[in-house]
Amino acid sequence: ARETADIVLSDDNFASIINAVEEGRSIIKKLKNAVTYLFSTNLSEVLALVVGLAIGVPEIFTAIQLLFINLIGDGMPALALAFSPKDENVMKLPPKREVAIIDSHDRKFIVSVGVTAALLVLSGYFLFNQKSDLIGKTAAFTILGVIQSFVLIDLWVSHGSITRQLRSFFSPIFLIAFLIPIATIFMIVHTPLFAQLFGVTTINTTTFFQTLLMSLLVFIGIKLVRILDFKGREAE
């Protein structure tokens with residue numbers, strides 16, 4: 001009956017069942033976070049491209065830029081989420097008959113972050129476009145790439161308190177997933193050879209940090225999700 005059982009107990013300790021349930025919930029939560037991350041960041045790319053074309057911005061991103069963002073900016077952080085710390089509230093949630101990878105909260109997060117990120121990308125393009133069209137596209141590429149790392153911060157702690165879990169951000173896996181995309185983009189926009197390869201132009205350090213500050217505004221979208229969830233709970 002071991003083969004047909006839903007759960008197999010290795011001993012008569014009830015704590016073993018609790019630990020097993022907690023581990024299973026943590027695995028599902030990490031999977032949900034990874035999927036939510038990929039959907040939200042990819043939605044921002046799609047919206048920035050589609051809206052950009054609709055308002056007359058031709059080819060705001062090139063194929064090699066999108067390939068880079070999908071491999072480095074999306075892939076690495078999504079994999080890193082498998083090693084994120086356990087959600088401290090995972091055992092406080094009520095049991096569910098069916099597990100939904102994307103629930104209502106996740107959908108709000110995906111839409112809110114995706115729209116906010118796309119608006120920041122397009123705003124960066126028009127803000128820096130005053131100098132030249134290529135600088136505007138370079139700023140848009142930089143903002144889109146850097147935003148991915150800031151979205152990772154919230155999902156790394158499963159939408160929890162960042163200040164209460166500061167120690168978890170010193171994990172080597174998090175630091176690699178967070179810093180490598182930013183450092184790589186910095187290298188691209190500071191090296192003429194790489195800039196030419198990626199279809200952008202070189203920018204100075206001041207301009208790079210201006211795009212970095214703009215990317216931080218993605219937390220407005222993340223905060224909006226928490227406000228909507230709070231109002232939803234009040235309505236209930």
# chains A, B, ... in the order shown; residues from 1 in each chain; ligands from 1
>>> closest_atom_pairs(of="stretch 69-127 of chain A", to="stretch 175-184 of chain A", cutoff="12 Å", atoms="only C-alpha atoms", output="tab-separated table")
residue	atom	partner	partner_atom	distance
A:Ile69	CA	A:Pro181	CA	8.3
A:Asn70	CA	A:Pro181	CA	10.7
A:Leu71	CA	A:Pro181	CA	9.7
A:Ile72	CA	A:Pro181	CA	6.0
A:Gly73	CA	A:Pro181	CA	5.6
A:Asp74	CA	A:Pro181	CA	9.1
A:Gly75	CA	A:Ala177	CA	9.2
A:Met76	CA	A:Ala177	CA	5.7
A:Pro77	CA	A:Ala177	CA	5.0
A:Ala78	CA	A:Ala177	CA	8.6
A:Leu79	CA	A:Ala177	CA	8.5
A:Ala80	CA	A:Ala177	CA	6.4
A:Leu81	CA	A:Ala177	CA	9.1
A:Ala82	CA	A:Ala177	CA	11.6
A:Phe83	CA	A:Ala177	CA	10.9
A:Ser84	CA	A:Ala177	CA	11.2
>>> closest_atom_pairs(of="stretch 90-170 of chain A", to="stretch 206-211 of chain A", cutoff="9 Å", atoms="only C-alpha atoms", output="CSV")
residue,atom,partner,partner_atom,distance
A:Gly124,CA,A:Thr211,CA,7.2
A:Phe128,CA,A:Thr207,CA,9.0
A:Ala139,CA,A:Thr211,CA,6.4
A:Ala140,CA,A:Thr211,CA,8.3
A:Thr142,CA,A:Thr211,CA,6.8
A:Ile143,CA,A:Thr211,CA,5.7
A:Val146,CA,A:Thr211,CA,8.4
>>> closest_atom_pairs(of="stretch 46-123 of chain A", to="stretch 11-27 of chain A", cutoff="9 Å", atoms="only C-alpha atoms", output="CSV")
residue,atom,partner,partner_atom,distance
A:Ala82,CA,A:Ile27,CA,7.9
A:Pro85,CA,A:Ser26,CA,8.8
A:Lys86,CA,A:Ser26,CA,5.9
A:Asp87,CA,A:Ser26,CA,6.8
A:Val90,CA,A:Arg25,CA,6.6
A:Met91,CA,A:Glu22,CA,6.3
>>> write_last_selection(atoms="all heavy atoms", output="mmCIF file, in the first residue's frame")
data_model
loop_
_atom_site.group_PDB
_atom_site.id
_atom_site.type_symbol
_atom_site.label_atom_id
_atom_site.label_comp_id
_atom_site.auth_asym_id
_atom_site.auth_seq_id
_atom_site.Cartn_x
_atom_site.Cartn_y
_atom_site.Cartn_z
ATOM 1 N N ALA A 82 14.435 29.482 -6.356
ATOM 2 C CA ALA A 82 14.332 28.128 -5.814
ATOM 3 C C ALA A 82 15.100 28.000 -4.500
ATOM 4 O O ALA A 82 14.841 27.086 -3.706
ATOM 5 C CB ALA A 82 14.848 27.115 -6.828
ATOM 6 N N PRO A 85 14.569 32.035 0.974
ATOM 7 C CA PRO A 85 14.206 31.559 2.323
ATOM 8 C C PRO A 85 12.746 31.158 2.402
ATOM 9 O O PRO A 85 11.914 31.622 1.618
ATOM 10 C CB PRO A 85 14.499 32.786 3.207
ATOM 11 C CG PRO A 85 14.430 33.952 2.278
ATOM 12 C CD PRO A 85 14.943 33.458 0.955
ATOM 13 N N LYS A 86 12.443 30.291 3.355
ATOM 14 C CA LYS A 86 11.064 29.853 3.534
ATOM 15 C C LYS A 86 10.187 31.018 3.987
ATOM 16 O O LYS A 86 10.624 31.876 4.760
ATOM 17 C CB LYS A 86 10.987 28.729 4.575
ATOM 18 C CG LYS A 86 11.598 27.413 4.115
ATOM 19 C CD LYS A 86 11.436 26.357 5.186
ATOM 20 C CE LYS A 86 12.029 25.022 4.728
ATOM 21 N NZ LYS A 86 11.890 23.973 5.776
ATOM 22 N N ASP A 87 8.968 31.041 3.480
ATOM 23 C CA ASP A 87 7.995 32.044 3.909
ATOM 24 C C ASP A 87 7.605 31.754 5.356
ATOM 25 O O ASP A 87 7.113 30.667 5.677
ATOM 26 C CB ASP A 87 6.767 31.986 2.998
ATOM 27 C CG ASP A 87 5.743 33.065 3.331
ATOM 28 O OD1 ASP A 87 5.986 33.853 4.269
ATOM 29 O OD2 ASP A 87 4.703 33.112 2.649
ATOM 30 N N VAL A 90 3.990 30.550 5.930
ATOM 31 C CA VAL A 90 3.470 29.499 5.067
ATOM 32 C C VAL A 90 2.549 28.524 5.811
ATOM 33 O O VAL A 90 1.592 28.000 5.239
ATOM 34 C CB VAL A 90 4.640 28.731 4.395
ATOM 35 C CG1 VAL A 90 5.378 27.859 5.398
ATOM 36 C CG2 VAL A 90 4.135 27.900 3.229
ATOM 37 N N MET A 91 2.796 28.308 7.100
ATOM 38 C CA MET A 91 1.970 27.372 7.866
ATOM 39 C C MET A 91 0.750 28.047 8.499
ATOM 40 O O MET A 91 -0.080 27.375 9.108
ATOM 41 C CB MET A 91 2.804 26.693 8.952
ATOM 42 C CG MET A 91 3.853 25.731 8.403
ATOM 43 S SD MET A 91 3.141 24.398 7.413
ATOM 44 C CE MET A 91 2.357 23.414 8.690
#
>>> closest_atom_pairs(of="stretch 104-129 of chain A", to="stretch 147-162 of chain A", cutoff="10 Å", atoms="only C-alpha atoms", output="JSON lines")
{"residue": "A:Phe109", "atom": "CA", "partner": "A:His159", "partner_atom": "CA", "distance": 9.9}
{"residue": "A:Val113", "atom": "CA", "partner": "A:Val151", "partner_atom": "CA", "distance": 8.1}
{"residue": "A:Ala117", "atom": "CA", "partner": "A:Ile147", "partner_atom": "CA", "distance": 7.1}
{"residue": "A:Ala118", "atom": "CA", "partner": "A:Ile147", "partner_atom": "CA", "distance": 10.0}
{"residue": "A:Leu120", "atom": "CA", "partner": "A:Ile147", "partner_atom": "CA", "distance": 9.2}
{"residue": "A:Val121", "atom": "CA", "partner": "A:Ile147", "partner_atom": "CA", "distance": 9.2}
>>> select_by_dssp(residues="stretch 6-230 of chain A", states="alpha helix (DSSP H)", output="ChimeraX atom specification")
/A:14-54,63-68,76-80,104-128,133-156,172-188,192-197,205-216,218-230
